[in-house]
Amino acid sequence: MNVFPELLIRLLAKAERVAVLTGAGVSRESGLQTFREAQTGLWAQFKPEELATPEAFAKDPQLVWDWYAWRREAVKAARPNPGHIALAAMERKIPKFTLATQNVDGLHRLAGSENVLELHGSIMRVRCSECGLRAEFWEEGGGVPRCESCGGLLRPDVVWFGEPLPADELQQARLAAREAQVFISAGTSGVVYPAAGLPFSAKSVGATVVEINAEPTPFTPSADFSFQGKSGEILPALFNAVWG
Ligand code: BJW
Ligand code: ZN
């Protein structure tokens, strides 16, 4: 089955610069919960938006640490899905391919993507809330672990609301968006800035922008092509339509 317009297939087939933005929807089919869907089980009474903040950590570090520890276990058990794999395959077909992700789960790299910009950090690292020291290993002992260097509380090395994104990654993502001939936004609700601004800035300098998402987003009216459905199905189908 090929549901993709011929124009899009031709644009991708000859594109030399492609940029992609992904969000939690791309990892949904790996079994990870998205941000704006209601949580189930243990954490059903909490909203992710209320836990992913510096204020929540300051008020109750143990609660926030436990939530991330629980999510980290889910991430460790998760495997890339066909959506991640299609994006990794696309990178090998396009001379300059940049994948900016809002996801902290590391699944794009696990799928084989190389040029990955992690705009919101990584759940597999920690950093000290006092001195900023980063680490990939730490002593787990039930409570919130402490920094070896200064004794401060360790926190996940992710970007919370009100915090700046890693400057280098953000700058590279903005540059890639402005240079791209085709920009693909996949699995993101498009409400969290500055990441949500990337498809708009690509569009404003003439890129063809493709959106793949389970539901409409604030960007949908501006998209050149919008496909509603599962990224784990649409991305591989698109790859096959162009390069299969
Ligand atoms: C599927 C699917 C399937 C499901 N297939 N699709 C007013 C205007 C503009 C900005 C602001 C404003 N007020 C405040 C701000 C700033 C704020 C912001 O944007 N707020 C808005 C919410 C209003 N932004 C910030 O604070 C950022 N920092 C900043 O601006 O700093 C400025 C600064 C500069 C200098 C010094 C100091 C400050 C930081 C934002 C950080 C976001 N962090 C989080 C947590 C990360 C760690 C963690 O994982 O715990 O990032 S919040 C959360 O949202 C997470 C996500 O990466 C991010 C985006 O969510 P995403 O990925 O789009 O997920 P969902 O769940 O929203 O959507 C999934 C979509 O997939 C849905 O649409 C589904 O339908 C779909 N889907 N299954 C395809 N199978
Ligand atoms: Zn420290």
# chains A, B, ... in the order shown; residues from 1 in each chain; ligands from 1
call {"tool": "closest_atom_pairs", "arguments": {"of": "chain A", "to": "ligand 1", "cutoff": "6 Å", "atoms": "only C-alpha atoms and all ligand atoms", "output": "JSON lines"}}
result
{"residue": "A:Gly23", "atom": "CA", "partner": "ligand 1", "partner_atom_place_in_ligand_line": "62 (O)", "distance": 3.3}
{"residue": "A:Ala24", "atom": "CA", "partner": "ligand 1", "partner_atom_place_in_ligand_line": "62 (O)", "distance": 3.8}
{"residue": "A:Gly25", "atom": "CA", "partner": "ligand 1", "partner_atom_place_in_ligand_line": "71 (O)", "distance": 3.3}
{"residue": "A:Val26", "atom": "CA", "partner": "ligand 1", "partner_atom_place_in_ligand_line": "5 (N)", "distance": 5.4}
{"residue": "A:Arg28", "atom": "CA", "partner": "ligand 1", "partner_atom_place_in_ligand_line": "80 (N)", "distance": 5.0}
{"residue": "A:Glu29", "atom": "CA", "partner": "ligand 1", "partner_atom_place_in_ligand_line": "80 (N)", "distance": 5.3}
{"residue": "A:Thr34", "atom": "CA", "partner": "ligand 1", "partner_atom_place_in_ligand_line": "66 (O)", "distance": 4.0}
{"residue": "A:Phe35", "atom": "CA", "partner": "ligand 1", "partner_atom_place_in_ligand_line": "66 (O)", "distance": 3.3}
{"residue": "A:Arg36", "atom": "CA", "partner": "ligand 1", "partner_atom_place_in_ligand_line": "66 (O)", "distance": 3.9}
{"residue": "A:Ala52", "atom": "CA", "partner": "ligand 1", "partner_atom_place_in_ligand_line": "50 (O)", "distance": 5.3}
{"residue": "A:Gln102", "atom": "CA", "partner": "ligand 1", "partner_atom_place_in_ligand_line": "57 (O)", "distance": 4.0}
{"residue": "A:Asn103", "atom": "CA", "partner": "ligand 1", "partner_atom_place_in_ligand_line": "57 (O)", "distance": 5.1}
{"residue": "A:Val104", "atom": "CA", "partner": "ligand 1", "partner_atom_place_in_ligand_line": "49 (O)", "distance": 5.5}
{"residue": "A:His120", "atom": "CA", "partner": "ligand 1", "partner_atom_place_in_ligand_line": "46 (C)", "distance": 5.4}
{"residue": "A:Val158", "atom": "CA", "partner": "ligand 1", "partner_atom_place_in_ligand_line": "47 (C)", "distance": 4.9}
{"residue": "A:Val159", "atom": "CA", "partner": "ligand 1", "partner_atom_place_in_ligand_line": "41 (C)", "distance": 4.9}
{"residue": "A:Trp160", "atom": "CA", "partner": "ligand 1", "partner_atom_place_in_ligand_line": "43 (N)", "distance": 4.4}
{"residue": "A:Phe161", "atom": "CA", "partner": "ligand 1", "partner_atom_place_in_ligand_line": "26 (O)", "distance": 3.5}
{"residue": "A:Gly162", "atom": "CA", "partner": "ligand 1", "partner_atom_place_in_ligand_line": "26 (O)", "distance": 3.5}
{"residue": "A:Glu163", "atom": "CA", "partner": "ligand 1", "partner_atom_place_in_ligand_line": "38 (C)", "distance": 4.3}
{"residue": "A:Pro164", "atom": "CA", "partner": "ligand 1", "partner_atom_place_in_ligand_line": "31 (O)", "distance": 4.0}
{"residue": "A:Gly187", "atom": "CA", "partner": "ligand 1", "partner_atom_place_in_ligand_line": "6 (N)", "distance": 3.7}
{"residue": "A:Thr188", "atom": "CA", "partner": "ligand 1", "partner_atom_place_in_ligand_line": "63 (O)", "distance": 3.3}
{"residue": "A:Ser189", "atom": "CA", "partner": "ligand 1", "partner_atom_place_in_ligand_line": "73 (O)", "distance": 3.6}
{"residue": "A:Gly190", "atom": "CA", "partner": "ligand 1", "partner_atom_place_in_ligand_line": "63 (O)", "distance": 5.3}
{"residue": "A:Val191", "atom": "CA", "partner": "ligand 1", "partner_atom_place_in_ligand_line": "22 (C)", "distance": 5.5}
{"residue": "A:Val192", "atom": "CA", "partner": "ligand 1", "partner_atom_place_in_ligand_line": "19 (O)", "distance": 3.5}
{"residue": "A:Tyr193", "atom": "CA", "partner": "ligand 1", "partner_atom_place_in_ligand_line": "19 (O)", "distance": 3.6}
{"residue": "A:Pro194", "atom": "CA", "partner": "ligand 1", "partner_atom_place_in_ligand_line": "30 (O)", "distance": 5.8}
{"residue": "A:Asn213", "atom": "CA", "partner": "ligand 1", "partner_atom_place_in_ligand_line": "6 (N)", "distance": 3.9}
{"residue": "A:Ala214", "atom": "CA", "partner": "ligand 1", "partner_atom_place_in_ligand_line": "6 (N)", "distance": 4.1}
{"residue": "A:Glu215", "atom": "CA", "partner": "ligand 1", "partner_atom_place_in_ligand_line": "75 (O)", "distance": 4.6}
{"residue": "A:Gly229", "atom": "CA", "partner": "ligand 1", "partner_atom_place_in_ligand_line": "79 (C)", "distance": 5.8}
{"residue": "A:Lys230", "atom": "CA", "partner": "ligand 1", "partner_atom_place_in_ligand_line": "5 (N)", "distance": 3.4}
{"residue": "A:Ser231", "atom": "CA", "partner": "ligand 1", "partner_atom_place_in_ligand_line": "5 (N)", "distance": 3.9}
call {"tool": "closest_atom_pairs", "arguments": {"of": "chain A", "to": "ligand 2", "cutoff": "6 Å", "atoms": "only C-alpha atoms and all ligand atoms", "output": "CSV"}}
result
residue,atom,partner,partner_atom_place_in_ligand_line,distance
A:Cys128,CA,ligand 2,1 (Zn),4.5
A:Glu130,CA,ligand 2,1 (Zn),5.1
A:Cys131,CA,ligand 2,1 (Zn),4.0
A:Gly132,CA,ligand 2,1 (Zn),5.9
A:Leu133,CA,ligand 2,1 (Zn),5.6
A:Cys147,CA,ligand 2,1 (Zn),4.6
A:Ser149,CA,ligand 2,1 (Zn),5.2
A:Cys150,CA,ligand 2,1 (Zn),4.1
A:Gly151,CA,ligand 2,1 (Zn),5.7
A:Gly152,CA,ligand 2,1 (Zn),4.9
call {"tool": "closest_residue", "arguments": {"among": "A:Leu11, A:Ala173, A:Ala88, A:Ala202", "to": "Gly112 of chain A", "atoms": "only C-alpha atoms"}}
result
A:Ala88
call {"tool": "select_by_dssp", "arguments": {"residues": "segment 39-241 of chain A", "states": "strand (DSSP E or B)", "output": "JSON, numbers by chain"}}
result
{"A": [96, 97, 98, 99, 100, 101, 116, 117, 118, 121, 122, 123, 124, 125, 126, 127, 128, 134, 135, 141, 143, 146, 153, 154, 155, 156, 157, 158, 182, 183, 184, 185, 186, 208, 209, 210, 211, 212, 213, 225, 226, 227, 228]}
call {"tool": "closest_residue", "arguments": {"among": "A:Ser129, A:Ala58, A:Gln228, A:Asp168", "to": "Pro145 of chain A", "atoms": "only C-alpha atoms"}}
result
A:Ser129
call {"tool": "atom_distance", "arguments": {"atom1": "atom CA of Thr22 of chain A", "atom2": "atom CA of Ala44 of chain A"}}
result
25.0 Å
call {"tool": "residues_around", "arguments": {"residues": "segment 115-118 of chain A", "least_positions_apart": "3", "cutoff": "9 Å", "atoms": "only C-alpha atoms", "output": "list in words"}}
result
Glu91, Phe97, Thr98, Leu99, Ala100, Thr101, Gln102, Asn103, Val104, Gly106, His108, Arg109, Gly121, Ser122, Pro166, Glu169, Leu170, Gln172 and Ala173 of chain A
call {"tool": "select_by_dssp", "arguments": {"residues": "segment 8-149 of chain A", "states": "alpha helix (DSSP H)", "output": "ChimeraX atom specification"}}
result
/A:8-14,24-28,48-51,54-59,61-77,82-91,107-110
call {"tool": "residues_around", "arguments": {"residues": "segment 59-76 of chain A", "least_positions_apart": "5", "cutoff": "10 Å", "atoms": "only C-alpha atoms", "output": "PyMOL selection string"}}
result
chain A and resi 27+30-33+42-43+46+48+50-54+104-107+122-124+140+142-145+153-156
call {"tool": "residues_around", "arguments": {"residues": "segment 221-224 of chain A", "least_positions_apart": "2", "cutoff": "10 Å", "atoms": "only C-alpha atoms", "output": "CSV table (one decimal) with N, CA and C atoms, in the first residue's frame"}}
result
chain,number,residue,atom,x,y,z
A,8,LEU,N,5.8,14.2,-2.5
A,8,LEU,CA,6.6,14.0,-1.3
A,8,LEU,C,7.6,12.9,-1.5
A,183,PHE,N,11.5,18.7,6.5
A,183,PHE,CA,11.5,18.6,7.9
A,183,PHE,C,10.4,17.7,8.3
A,184,ILE,N,10.7,16.7,9.2
A,184,ILE,CA,9.6,15.8,9.6
A,184,ILE,C,9.4,15.9,11.1
A,185,SER,N,8.2,16.2,11.5
A,185,SER,CA,7.9,16.2,13.0
A,185,SER,C,7.0,15.0,13.3
A,199,PRO,N,9.6,23.1,13.7
A,199,PRO,CA,8.9,23.0,12.4
A,199,PRO,C,8.4,24.3,11.9
A,200,PHE,N,8.0,25.2,12.7
A,200,PHE,CA,7.6,26.5,12.2
A,200,PHE,C,8.8,27.3,11.6
A,203,LYS,N,9.6,25.7,8.2
A,203,LYS,CA,8.6,26.1,7.3
A,203,LYS,C,8.8,27.6,6.8
A,204,SER,N,9.2,28.4,7.8
A,204,SER,CA,9.3,29.9,7.5
A,204,SER,C,10.4,30.2,6.5
A,207,ALA,N,11.2,25.1,3.9
A,207,ALA,CA,11.2,23.6,3.9
A,207,ALA,C,9.8,23.1,3.7
A,208,THR,N,9.8,21.9,3.1
A,208,THR,CA,8.5,21.1,3.1
A,208,THR,C,8.4,20.4,4.4
A,209,VAL,N,7.3,20.7,5.1
A,209,VAL,CA,7.2,20.1,6.5
A,209,VAL,C,6.1,19.0,6.5
A,210,VAL,N,6.6,17.8,7.0
A,210,VAL,CA,5.7,16.7,7.1
A,210,VAL,C,5.4,16.4,8.6
A,211,GLU,N,4.2,16.2,8.9
A,211,GLU,CA,3.8,15.9,10.3
A,211,GLU,C,3.2,14.5,10.4
A,212,ILE,N,3.7,13.7,11.3
A,212,ILE,CA,3.2,12.4,11.6
A,212,ILE,C,2.8,12.3,13.0
A,216,PRO,N,-4.2,15.7,15.7
A,216,PRO,CA,-3.8,17.0,15.2
A,216,PRO,C,-3.1,17.8,16.3
A,217,THR,N,-2.2,18.7,15.9
A,217,THR,CA,-1.4,19.5,16.9
A,217,THR,C,-1.5,21.0,16.4
A,218,PRO,N,-1.0,21.9,17.2
A,218,PRO,CA,-1.0,23.3,16.8
A,218,PRO,C,-0.3,23.5,15.5
A,219,PHE,N,0.6,22.6,15.1
A,219,PHE,CA,1.3,22.8,13.9
A,219,PHE,C,0.6,22.3,12.7
A,226,SER,N,0.3,16.1,6.3
A,226,SER,CA,0.0,15.7,7.6
A,226,SER,C,-0.6,14.3,7.6
A,227,PHE,N,0.1,13.3,8.3
A,227,PHE,CA,-0.4,12.0,8.3
A,227,PHE,C,-0.8,11.6,9.8
call {"tool": "residues_around", "arguments": {"residues": "Val18 of chain A", "least_positions_apart": "2", "cutoff": "7 Å", "atoms": "only C-alpha atoms", "output": "list in words"}}
result
Ala15, Glu16, Val20, Lys96, Phe97, Thr98, Ala180, Gln181, Val182 and Phe183 of chain A
call {"tool": "atom_distance", "arguments": {"atom1": "atom CA of Ala176 of chain A", "atom2": "atom CA of Leu21 of chain A"}}
result
10.4 Å
call {"tool": "closest_residue", "arguments": {"among": "A:Thr40, A:Thr220, A:Gln45, A:Ser201", "to": "Ala19 of chain A", "atoms": "only C-alpha atoms"}}
result
A:Ser201
call {"tool": "closest_residue", "arguments": {"among": "A:Ala186, A:Ala78, A:Lys14, A:Glu148", "to": "Ala135 of chain A", "atoms": "only C-alpha atoms"}}
result
A:Glu148
